[in-house]
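Novice: Dropping a structure here in structure tokens format, bear with me for questions.
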Amino acid sequence: MKANTWSKVLESKSGPLGGSSGGSMTYDSTSKSCFYLSSRNGLWTYKVADKAWTQIKPDGDQPITDDRKNRYMLCYNPEHNVIMADNGSGRVWVYRAAKRKKKPDE
């Protein structure tokens with residue numbers, strides 16, 4: 001931000017596209033990754049240091065549906081260290097990408 005310039009960090013045909021309808025993105029400060037979720041593309045992570053998208057397929061009940069009309073709100077909750085996904089259906093899903101390192105006094 002100090003440089004006040006844009007830099008291209010990825011040019012790839014794999015991974016979700018920025019114009020993907022119905023997708024939502026958030027940053028997880030514990031895993032130092034961006035997460036993107038949509039009903040069309042599934043769950044992806046983007047690590048700035050690696051400059052690459054990776055698709056994630058977690059075990060368990062998924063917020064992904066075949067309904068292409070679903071839109072997701074995605075956010076990272078630092079207090080509980082989880083990514084929360086809500087598609088307005090009255091159900092909320094959580095995903096933990098990385099465990100927190102314990103502080104020396106814990």
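By order in the structure tokens, chains are A, B, ...; within a chain, residues start at 1; ligands start at 1, following the order shown.
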Name the residues in contact with Ser31 (chain A) at a cut-off of 12 Å, using only C-alpha atoms, excluding same-chain residues fewer than 4 positions from it; report them as an MDAnalysis selection string.

Specialist: chainID A and resid 26:27 35 45:49 76 78 81:83 95:101

Novice: Using only C-alpha atoms, please write the residues we just selected to a file, as a PDB file, in the first residue's frame.

Specialist:
```pdb
ATOM      1  CA  THR A  26     -12.170 -13.388   2.477  1.00  0.00           C
ATOM      2  CA  TYR A  27      -8.688 -13.354   4.024  1.00  0.00           C
ATOM      3  CA  PHE A  35     -10.447 -18.009   0.357  1.00  0.00           C
ATOM      4  CA  THR A  45      -7.475 -20.776  -1.585  1.00  0.00           C
ATOM      5  CA  TYR A  46      -5.000 -18.236  -2.893  1.00  0.00           C
ATOM      6  CA  LYS A  47      -1.686 -17.877  -1.104  1.00  0.00           C
ATOM      7  CA  VAL A  48      -0.037 -14.579  -1.906  1.00  0.00           C
ATOM      8  CA  ALA A  49       3.445 -15.962  -1.236  1.00  0.00           C
ATOM      9  CA  TYR A  76     -13.116 -14.863   8.614  1.00  0.00           C
ATOM     10  CA  PRO A  78     -10.432 -14.255  14.076  1.00  0.00           C
ATOM     11  CA  ASN A  81     -10.203 -18.858  13.802  1.00  0.00           C
ATOM     12  CA  VAL A  82     -12.812 -20.057  11.297  1.00  0.00           C
ATOM     13  CA  ILE A  83     -14.047 -19.050   7.887  1.00  0.00           C
ATOM     14  CA  TYR A  95     -13.978 -24.138   7.947  1.00  0.00           C
ATOM     15  CA  ARG A  96     -10.672 -23.919   9.822  1.00  0.00           C
ATOM     16  CA  ALA A  97      -7.730 -23.692   7.449  1.00  0.00           C
ATOM     17  CA  ALA A  98      -4.888 -23.687   9.980  1.00  0.00           C
ATOM     18  CA  LYS A  99      -4.369 -24.171  13.701  1.00  0.00           C
ATOM     19  CA  ARG A 100      -3.117 -21.199  15.624  1.00  0.00           C
ATOM     20  CA  LYS A 101       0.332 -21.390  17.109  1.00  0.00           C
TER      21      LYS A 101
END
```

Novice: For Asp61 (chain A), which of A:Arg91, A:Pro16, A:Thr5, A:Asp28 is the closest residue, counting only C-alpha atoms?

Specialist: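 Result for the nearest residue to Asp61 (chain A): A:Arg91.
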
Novice: Using DSSP secondary structure from the backbone, list all strand (DSSP E) positions within region 33-104 of chain A, as a PyMOL selection string.

Specialist: chain A and resi 33-38+42-47+52-56+73-77+82-86+92-95

Novice: Deliver the residues from the most recent selection as a file, using C-alpha atoms, as a PDB file, in the first residue's frame.

Specialist:
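Once everything was written out, this is selection29.pdb:
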```
ATOM      1  CA  SER A  33      -4.468 -17.165   2.626  1.00  0.00           C
ATOM      2  CA  CYS A  34      -7.399 -15.757   0.704  1.00  0.00           C
ATOM      3  CA  PHE A  35     -10.447 -18.009   0.357  1.00  0.00           C
ATOM      4  CA  TYR A  36     -13.015 -17.920  -2.420  1.00  0.00           C
ATOM      5  CA  LEU A  37     -16.317 -19.824  -2.393  1.00  0.00           C
ATOM      6  CA  SER A  38     -19.070 -20.125  -4.974  1.00  0.00           C
ATOM      7  CA  GLY A  42     -16.395 -24.598  -5.030  1.00  0.00           C
ATOM      8  CA  LEU A  43     -13.842 -23.597  -2.380  1.00  0.00           C
ATOM      9  CA  TRP A  44     -10.431 -22.262  -3.392  1.00  0.00           C
ATOM     10  CA  THR A  45      -7.475 -20.776  -1.585  1.00  0.00           C
ATOM     11  CA  TYR A  46      -5.000 -18.236  -2.893  1.00  0.00           C
ATOM     12  CA  LYS A  47      -1.686 -17.877  -1.104  1.00  0.00           C
ATOM     13  CA  ALA A  52      -1.276 -19.745  -6.960  1.00  0.00           C
ATOM     14  CA  TRP A  53      -4.887 -20.931  -6.605  1.00  0.00           C
ATOM     15  CA  THR A  54      -5.566 -24.345  -5.041  1.00  0.00           C
ATOM     16  CA  GLN A  55      -8.963 -26.022  -4.919  1.00  0.00           C
ATOM     17  CA  ILE A  56      -9.942 -27.376  -1.500  1.00  0.00           C
ATOM     18  CA  MET A  73     -21.362 -14.358   2.263  1.00  0.00           C
ATOM     19  CA  LEU A  74     -17.896 -15.412   3.381  1.00  0.00           C
ATOM     20  CA  CYS A  75     -15.971 -13.970   6.310  1.00  0.00           C
ATOM     21  CA  TYR A  76     -13.116 -14.863   8.614  1.00  0.00           C
ATOM     22  CA  ASN A  77     -13.809 -14.839  12.354  1.00  0.00           C
ATOM     23  CA  VAL A  82     -12.812 -20.057  11.297  1.00  0.00           C
ATOM     24  CA  ILE A  83     -14.047 -19.050   7.887  1.00  0.00           C
ATOM     25  CA  MET A  84     -17.824 -18.746   7.933  1.00  0.00           C
ATOM     26  CA  ALA A  85     -20.035 -19.338   4.877  1.00  0.00           C
ATOM     27  CA  ASP A  86     -23.699 -18.330   4.733  1.00  0.00           C
ATOM     28  CA  VAL A  92     -23.941 -21.483   8.407  1.00  0.00           C
ATOM     29  CA  TRP A  93     -20.846 -23.557   7.644  1.00  0.00           C
ATOM     30  CA  VAL A  94     -17.410 -23.102   9.193  1.00  0.00           C
ATOM     31  CA  TYR A  95     -13.978 -24.138   7.947  1.00  0.00           C
TER      32      TYR A  95
END
```

Novice: Quick check, in Å to one decimal: how far apart do CA of Trp6 (chain A) and CA of Ser39 (chain A) lie?

Specialist: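 Computing the Euclidean distance for CA of Trp6 (chain A) and CA of Ser39 (chain A) yields 29.1 Å.
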
Novice: Which distance in Å separates CA of Gly60 (chain A) and CA of His80 (chain A), to one decimal?

Specialist: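 For CA of Gly60 (chain A) relative to CA of His80 (chain A), the distance reads 19.1 Å.
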
Novice: Please indicate the distance in Å from CA of Ser12 (chain A) to CA of Gln62 (chain A), rounded to one decimal place.

Specialist: 26.3 Å
